[in-house]
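A.B. asks: Sending over run_36.cif (mmCIF, C-alpha atoms and all ligand atoms).
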data_entry
#
loop_
_atom_site.group_PDB
_atom_site.id
_atom_site.type_symbol
_atom_site.label_atom_id
_atom_site.label_comp_id
_atom_site.auth_asym_id
_atom_site.auth_seq_id
_atom_site.Cartn_x
_atom_site.Cartn_y
_atom_site.Cartn_z
ATOM 1 C CA MET A 1 3.241 -1.694 -22.810
ATOM 2 C CA ASP A 2 2.143 1.794 -23.728
ATOM 3 C CA LYS A 3 5.377 3.433 -24.883
ATOM 4 C CA GLN A 4 3.999 6.940 -24.721
ATOM 5 C CA ILE A 5 3.037 6.525 -21.074
ATOM 6 C CA ASN A 6 6.315 4.780 -20.341
ATOM 7 C CA GLY A 7 8.362 7.581 -21.884
ATOM 8 C CA LYS A 8 6.493 10.255 -19.995
ATOM 9 C CA ALA A 9 6.563 8.453 -16.668
ATOM 10 C CA LYS A 10 10.341 8.220 -16.596
ATOM 11 C CA GLU A 11 10.303 11.928 -15.903
ATOM 12 C CA ILE A 12 8.135 11.561 -12.777
ATOM 13 C CA PRO A 13 10.108 13.476 -10.143
ATOM 14 C CA TYR A 14 8.266 12.040 -7.127
ATOM 15 C CA ASN A 15 7.111 8.736 -5.651
ATOM 16 C CA ILE A 16 3.611 7.304 -5.975
ATOM 17 C CA VAL A 17 2.698 5.996 -2.517
ATOM 18 C CA LEU A 18 -0.174 3.499 -2.341
ATOM 19 C CA ILE A 19 -1.949 3.221 0.998
ATOM 20 C CA GLY A 20 -5.131 1.531 2.193
ATOM 21 C CA PHE A 21 -6.554 -1.413 4.059
ATOM 22 C CA MET A 22 -5.212 -4.956 3.719
ATOM 23 C CA GLY A 23 -6.410 -6.663 0.553
ATOM 24 C CA VAL A 24 -7.392 -3.486 -1.200
ATOM 25 C CA GLY A 25 -5.016 -4.264 -4.078
ATOM 26 C CA LYS A 26 -1.964 -2.067 -3.335
ATOM 27 C CA SER A 27 0.609 -4.704 -4.360
ATOM 28 C CA THR A 28 -1.175 -5.608 -7.581
ATOM 29 C CA VAL A 29 -1.690 -1.982 -8.574
ATOM 30 C CA ALA A 30 1.949 -1.196 -7.714
ATOM 31 C CA LYS A 31 3.134 -4.000 -10.016
ATOM 32 C CA THR A 32 0.919 -2.725 -12.833
ATOM 33 C CA LEU A 33 2.172 0.850 -12.430
ATOM 34 C CA HIS A 34 5.754 -0.448 -12.298
ATOM 35 C CA THR A 35 5.238 -2.354 -15.567
ATOM 36 C CA ARG A 36 3.314 0.395 -17.338
ATOM 37 C CA LEU A 37 5.447 3.317 -16.273
ATOM 38 C CA GLY A 38 8.850 1.740 -15.852
ATOM 39 C CA MET A 39 8.967 3.140 -12.312
ATOM 40 C CA LYS A 40 11.025 1.455 -9.615
ATOM 41 C CA ILE A 41 8.921 -0.589 -7.192
ATOM 42 C CA MET A 42 9.048 -0.950 -3.413
ATOM 43 C CA GLU A 43 6.709 -3.484 -1.829
ATOM 44 C CA MET A 44 7.280 -2.609 1.840
ATOM 45 C CA ASP A 45 6.201 -5.905 3.432
ATOM 46 C CA GLU A 46 8.315 -7.857 0.968
ATOM 47 C CA GLU A 47 11.377 -5.689 1.611
ATOM 48 C CA ILE A 48 10.969 -5.842 5.403
ATOM 49 C CA SER A 49 10.561 -9.608 5.269
ATOM 50 C CA ARG A 50 13.619 -9.915 2.998
ATOM 51 C CA ARG A 51 15.761 -7.775 5.307
ATOM 52 C CA GLU A 52 14.708 -9.674 8.431
ATOM 53 C CA GLY A 53 14.967 -13.056 6.742
ATOM 54 C CA ILE A 54 11.566 -14.187 8.059
ATOM 55 C CA SER A 55 7.901 -13.759 7.070
ATOM 56 C CA ILE A 56 5.640 -10.924 8.315
ATOM 57 C CA PRO A 57 3.645 -13.300 10.600
ATOM 58 C CA GLU A 58 6.963 -14.525 12.062
ATOM 59 C CA ILE A 59 8.113 -10.934 12.697
ATOM 60 C CA PHE A 60 4.836 -10.206 14.531
ATOM 61 C CA GLU A 61 5.055 -13.418 16.502
ATOM 62 C CA THR A 62 8.708 -13.413 17.519
ATOM 63 C CA ARG A 63 9.594 -9.696 17.589
ATOM 64 C CA GLY A 64 6.213 -8.024 18.105
ATOM 65 C CA GLU A 65 4.116 -5.465 16.273
ATOM 66 C CA THR A 66 6.022 -2.396 17.570
ATOM 67 C CA TYR A 67 9.273 -3.840 16.190
ATOM 68 C CA PHE A 68 7.563 -4.280 12.797
ATOM 69 C CA ARG A 69 6.114 -0.742 12.911
ATOM 70 C CA ASN A 70 9.583 0.655 13.599
ATOM 71 C CA LEU A 71 10.917 -1.176 10.545
ATOM 72 C CA GLU A 72 8.167 0.449 8.452
ATOM 73 C CA THR A 73 9.197 3.900 9.676
ATOM 74 C CA GLU A 74 12.873 3.126 9.030
ATOM 75 C CA LEU A 75 12.157 2.022 5.463
ATOM 76 C CA LEU A 76 9.988 5.057 4.702
ATOM 77 C CA ALA A 77 12.760 7.288 6.060
ATOM 78 C CA GLN A 78 15.174 5.640 3.638
ATOM 79 C CA LEU A 79 12.802 6.315 0.740
ATOM 80 C CA GLN A 80 12.052 9.951 1.473
ATOM 81 C CA ASP A 81 14.910 11.295 -0.634
ATOM 82 C CA GLU A 82 14.222 8.938 -3.528
ATOM 83 C CA ASN A 83 11.986 9.559 -6.499
ATOM 84 C CA GLY A 84 10.514 7.527 -9.331
ATOM 85 C CA TYR A 85 9.338 4.767 -6.971
ATOM 86 C CA VAL A 86 5.896 3.262 -6.745
ATOM 87 C CA ILE A 87 5.653 2.296 -3.080
ATOM 88 C CA SER A 88 3.133 -0.262 -1.851
ATOM 89 C CA CYS A 89 2.744 0.393 1.888
ATOM 90 C CA GLY A 90 1.576 -2.084 4.504
ATOM 91 C CA GLY A 91 -1.994 -1.311 5.581
ATOM 92 C CA GLY A 92 -0.896 0.025 8.964
ATOM 93 C CA ALA A 93 1.830 2.390 7.726
ATOM 94 C CA PRO A 94 -0.338 5.559 7.503
ATOM 95 C CA LEU A 95 -1.467 5.184 11.116
ATOM 96 C CA ARG A 96 1.731 6.828 12.377
ATOM 97 C CA LYS A 97 1.945 10.562 11.764
ATOM 98 C CA THR A 98 5.735 10.339 11.246
ATOM 99 C CA ASN A 99 5.192 7.832 8.461
ATOM 100 C CA VAL A 100 2.697 10.083 6.704
ATOM 101 C CA ASP A 101 5.115 13.011 6.919
ATOM 102 C CA LEU A 102 7.805 10.811 5.350
ATOM 103 C CA MET A 103 5.456 9.630 2.577
ATOM 104 C CA LYS A 104 4.462 13.185 1.748
ATOM 105 C CA LYS A 105 7.995 14.540 1.620
ATOM 106 C CA ASN A 106 8.436 13.427 -1.951
ATOM 107 C CA GLY A 107 5.324 11.392 -2.679
ATOM 108 C CA LYS A 108 1.796 11.663 -3.968
ATOM 109 C CA VAL A 109 -0.245 9.552 -1.578
ATOM 110 C CA VAL A 110 -3.023 7.514 -3.193
ATOM 111 C CA LEU A 111 -5.635 5.857 -0.965
ATOM 112 C CA LEU A 112 -7.155 2.694 -2.438
ATOM 113 C CA THR A 113 -10.504 1.661 -0.971
ATOM 114 C CA ALA A 114 -12.899 -1.287 -1.215
ATOM 115 C CA LEU A 115 -15.996 -2.482 0.586
ATOM 116 C CA PRO A 116 -15.426 -4.791 3.598
ATOM 117 C CA GLU A 117 -17.152 -7.626 1.673
ATOM 118 C CA THR A 118 -14.725 -7.207 -1.237
ATOM 119 C CA ILE A 119 -11.772 -7.325 1.166
ATOM 120 C CA TRP A 120 -13.234 -10.342 2.909
ATOM 121 C CA HIS A 121 -13.393 -12.255 -0.391
ATOM 122 C CA ARG A 122 -9.836 -11.254 -1.292
ATOM 123 C CA VAL A 123 -8.162 -12.180 2.019
ATOM 124 C CA GLN A 124 -9.925 -15.448 2.776
ATOM 125 C CA GLU A 125 -7.273 -17.834 1.460
ATOM 126 C CA ASN A 126 -4.306 -15.750 2.627
ATOM 127 C CA HIS A 127 -2.470 -16.490 5.875
ATOM 128 C CA GLU A 128 0.143 -13.743 5.768
ATOM 129 C CA ARG A 129 -1.860 -11.119 7.675
ATOM 130 C CA PRO A 130 -1.516 -11.568 11.455
ATOM 131 C CA LEU A 131 -4.107 -8.885 12.250
ATOM 132 C CA LEU A 132 -6.832 -10.807 10.414
ATOM 133 C CA GLU A 133 -5.735 -14.372 10.998
ATOM 134 C CA ASN A 134 -7.870 -15.149 14.035
ATOM 135 C CA ASN A 135 -10.889 -13.131 13.024
ATOM 136 C CA LYS A 136 -11.382 -13.212 9.304
ATOM 137 C CA THR A 137 -14.943 -11.944 9.222
ATOM 138 C CA ALA A 138 -16.516 -9.066 7.309
ATOM 139 C CA ALA A 139 -17.595 -7.557 10.655
ATOM 140 C CA HIS A 140 -14.032 -7.496 12.022
ATOM 141 C CA ILE A 141 -12.730 -6.072 8.752
ATOM 142 C CA GLU A 142 -15.404 -3.376 8.796
ATOM 143 C CA ARG A 143 -14.606 -2.467 12.422
ATOM 144 C CA LEU A 144 -10.860 -2.217 11.847
ATOM 145 C CA MET A 145 -11.418 -0.308 8.640
ATOM 146 C CA SER A 146 -13.666 2.279 10.268
ATOM 147 C CA GLN A 147 -11.132 2.750 13.108
ATOM 148 C CA ARG A 148 -8.504 3.586 10.475
ATOM 149 C CA GLN A 149 -10.626 5.554 8.032
ATOM 150 C CA GLU A 150 -9.924 9.018 9.377
ATOM 151 C CA LYS A 151 -6.151 8.554 9.307
ATOM 152 C CA TYR A 152 -6.218 7.014 5.847
ATOM 153 C CA GLN A 153 -8.200 9.946 4.483
ATOM 154 C CA ALA A 154 -6.046 12.540 6.213
ATOM 155 C CA ALA A 155 -2.922 11.007 4.656
ATOM 156 C CA ALA A 156 -4.285 10.794 1.112
ATOM 157 C CA ASP A 157 -3.841 13.294 -1.694
ATOM 158 C CA PHE A 158 -6.727 11.512 -3.394
ATOM 159 C CA THR A 159 -8.771 8.310 -3.213
ATOM 160 C CA VAL A 160 -9.527 5.625 -5.793
ATOM 161 C CA ASN A 161 -12.184 3.009 -5.137
ATOM 162 C CA THR A 162 -11.306 -0.469 -6.453
ATOM 163 C CA ASP A 163 -14.622 -2.368 -6.156
ATOM 164 C CA ASN A 164 -15.535 -4.108 -9.416
ATOM 165 C CA LYS A 165 -12.746 -2.433 -11.356
ATOM 166 C CA THR A 166 -9.942 -3.999 -13.392
ATOM 167 C CA GLU A 167 -6.288 -3.266 -12.599
ATOM 168 C CA LYS A 168 -6.136 -1.231 -15.794
ATOM 169 C CA GLU A 169 -9.141 0.890 -14.828
ATOM 170 C CA ILE A 170 -7.669 1.551 -11.387
ATOM 171 C CA CYS A 171 -4.278 2.503 -12.840
ATOM 172 C CA ASP A 172 -5.871 4.734 -15.488
ATOM 173 C CA GLU A 173 -7.784 6.546 -12.767
ATOM 174 C CA ILE A 174 -4.601 7.080 -10.742
ATOM 175 C CA LEU A 175 -2.680 8.315 -13.777
ATOM 176 C CA GLU A 176 -5.503 10.675 -14.762
ATOM 177 C CA LYS A 177 -5.635 12.131 -11.267
ATOM 178 C CA LEU A 178 -1.862 12.585 -11.293
ATOM 179 C CA GLN A 179 -2.249 14.174 -14.739
ATOM 180 C CA ILE A 180 0.206 11.691 -16.240
ATOM 181 C CA ILE A 181 -2.304 10.726 -18.975
HETATM 182 C C1 LIG B 1 -0.945 -4.646 8.150
HETATM 183 C C2 LIG B 1 -0.999 -4.856 6.786
HETATM 184 C C3 LIG B 1 -0.122 -5.808 6.091
HETATM 185 C C4 LIG B 1 1.195 -5.997 6.853
HETATM 186 C C5 LIG B 1 0.921 -6.345 8.281
HETATM 187 C C6 LIG B 1 0.078 -5.298 9.011
HETATM 188 C C7 LIG B 1 -1.915 -3.700 8.768
HETATM 189 O O1 LIG B 1 0.165 -5.345 4.765
HETATM 190 O O2 LIG B 1 1.974 -4.825 6.777
HETATM 191 O O3 LIG B 1 0.268 -7.583 8.296
HETATM 192 O O4 LIG B 1 -1.730 -3.308 9.926
HETATM 193 O O5 LIG B 1 -2.888 -3.313 8.073
HETATM 194 P P1 LIG B 1 -0.919 -5.380 3.560
HETATM 195 O O6 LIG B 1 -1.767 -4.159 3.697
HETATM 196 O O7 LIG B 1 -0.060 -5.343 2.345
HETATM 197 O O8 LIG B 1 -1.694 -6.641 3.689
#
Could I get this file's structure written as structure tokens?
Ligand code: S3P

C.D. replies:
Amino acid sequence: MDKQINGKAKEIPYNIVLIGFMGVGKSTVAKTLHTRLGMKIMEMDEEISRREGISIPEIFETRGETYFRNLETELLAQLQDENGYVISCGGGAPLRKTNVDLMKKNGKVVLLTALPETIWHRVQENHERPLLENNKTAAHIERLMSQRQEKYQAAADFTVNTDNKTEKEICDEILEKLQII
């Protein structure tokens, strides 16, 4: 661990909020930032699943998408007065204006991007994403991504592309843009 970065990051008086399409690497990057900076971590899907006691696909199936979306809003509302968190948001969280307002209250919002082909490779073996489960093709990913693009960009303070980059390179880029290093 880089002690100098770690020492400095403890003073971060805001949250780092990672948004972007499924499979773009939000959870992995959040874990790396958590380890490197000693920030608290909130993986939204994991927390929602823990609170409900069932998996994300089970929440979608038995309680419906709107129920899940309301849980996202509730969790973001609980985090708005916190600081020092790196928050990994579910891919759909920035689609609601209320959620974006909550993220921005005390957070720097970082949009992670990747090409549809990159996402396709990353999500192939995963069965935890109900919105991709029955149509895991690059074309479907591209379509859904382009429908969301405008809202993702409007929510973001800045964007970092993740194609062909290591976790360290992605984190360095985020920290440079936040002027932490
Ligand atoms: C979703 C993304 C998922 C999860 C749910 C819905 C979306 O999170 O919240 O399956 O609408 O994009 P990840 O982006 O972490 O896969």

A.B. asks: Could you list, as a PyMOL selection string, all the residues within 7 Å of ligand LIG 1 (chain B), counting only C-alpha atoms and all ligand atoms?

C.D. replies: chain A and resi 20-23+26-27+45+56+89-92+128-131

A.B. asks: Pick out the residues sitting within 12 Å of A:Gly107, and hand them over as a VMD selection string; count all atoms listed in the file, and ignore anything fewer than 2 positions along from it in its own chain.

C.D. replies: chain A and resid 12 to 19 76 79 to 88 99 to 105 109 to 110 155 to 157 178

A.B. asks: Could you take the residues named above and write them with C-alpha atoms, as a PDB file, keeping the file's coordinate frame?

C.D. replies:
ATOM      1  CA  ILE A  12       8.135  11.561 -12.777  1.00  0.00           C
ATOM      2  CA  PRO A  13      10.108  13.476 -10.143  1.00  0.00           C
ATOM      3  CA  TYR A  14       8.266  12.040  -7.127  1.00  0.00           C
ATOM      4  CA  ASN A  15       7.111   8.736  -5.651  1.00  0.00           C
ATOM      5  CA  ILE A  16       3.611   7.304  -5.975  1.00  0.00           C
ATOM      6  CA  VAL A  17       2.698   5.996  -2.517  1.00  0.00           C
ATOM      7  CA  LEU A  18      -0.174   3.499  -2.341  1.00  0.00           C
ATOM      8  CA  ILE A  19      -1.949   3.221   0.998  1.00  0.00           C
ATOM      9  CA  LEU A  76       9.988   5.057   4.702  1.00  0.00           C
ATOM     10  CA  LEU A  79      12.802   6.315   0.740  1.00  0.00           C
ATOM     11  CA  GLN A  80      12.052   9.951   1.473  1.00  0.00           C
ATOM     12  CA  ASP A  81      14.910  11.295  -0.634  1.00  0.00           C
ATOM     13  CA  GLU A  82      14.222   8.938  -3.528  1.00  0.00           C
ATOM     14  CA  ASN A  83      11.986   9.559  -6.499  1.00  0.00           C
ATOM     15  CA  GLY A  84      10.514   7.527  -9.331  1.00  0.00           C
ATOM     16  CA  TYR A  85       9.338   4.767  -6.971  1.00  0.00           C
ATOM     17  CA  VAL A  86       5.896   3.262  -6.745  1.00  0.00           C
ATOM     18  CA  ILE A  87       5.653   2.296  -3.080  1.00  0.00           C
ATOM     19  CA  SER A  88       3.133  -0.262  -1.851  1.00  0.00           C
ATOM     20  CA  ASN A  99       5.192   7.832   8.461  1.00  0.00           C
ATOM     21  CA  VAL A 100       2.697  10.083   6.704  1.00  0.00           C
ATOM     22  CA  ASP A 101       5.115  13.011   6.919  1.00  0.00           C
ATOM     23  CA  LEU A 102       7.805  10.811   5.350  1.00  0.00           C
ATOM     24  CA  MET A 103       5.456   9.630   2.577  1.00  0.00           C
ATOM     25  CA  LYS A 104       4.462  13.185   1.748  1.00  0.00           C
ATOM     26  CA  LYS A 105       7.995  14.540   1.620  1.00  0.00           C
ATOM     27  CA  VAL A 109      -0.245   9.552  -1.578  1.00  0.00           C
ATOM     28  CA  VAL A 110      -3.023   7.514  -3.193  1.00  0.00           C
ATOM     29  CA  ALA A 155      -2.922  11.007   4.656  1.00  0.00           C
ATOM     30  CA  ALA A 156      -4.285  10.794   1.112  1.00  0.00           C
ATOM     31  CA  ASP A 157      -3.841  13.294  -1.694  1.00  0.00           C
ATOM     32  CA  LEU A 178      -1.862  12.585 -11.293  1.00  0.00           C
TER      33      LEU A 178
END

A.B. asks: Expanded to explicit residues, what is the PyMOL selection byres (((chain A and resi 171) around 10) and not hetatm) for this file, as a VMD selection string?

C.D. replies: chain A and resid 29 to 30 32 to 33 36 160 162 165 to 170 172 to 177

A.B. asks: Applied to this file, what does the PyMOL selection byres (((chain A and resi 148) around 10) and not hetatm) return in terms of residues, put as a list in words?

C.D. replies: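 What the PyMOL selection byres (((chain A and resi 148) around 10) and not hetatm) grabs from the file is Gly20, Phe21, Gly91, Gly92, Pro94, Leu95, Glu142, Arg143, Leu144, Met145, Ser146, Gln147, Gln149, Glu150, Lys151, Tyr152 and Gln153 of chain A.
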
A.B. asks: Quick one: pull the distance between atom CA of A:Gln124 and atom CA of A:Leu75, Å, one decimal.

C.D. replies: 28.3 Å

A.B. asks: Extending 4 Å beyond the listed atoms of stretch 67-83 of chain A on each side, what axis-aligned box results? I want centre and edge lengths in Å to one decimal, as JSON.

C.D. replies:
{"center_x": 10.6, "center_y": 3.5, "center_z": 4.8, "size_x": 17.1, "size_y": 23.6, "size_z": 30.7}

A.B. asks: Looking at A:Glu11, A:Glu125, A:Pro116, A:Phe158, which one is nearest to A:His140, with distances taken over all atoms listed in the file?

C.D. replies: A:Pro116
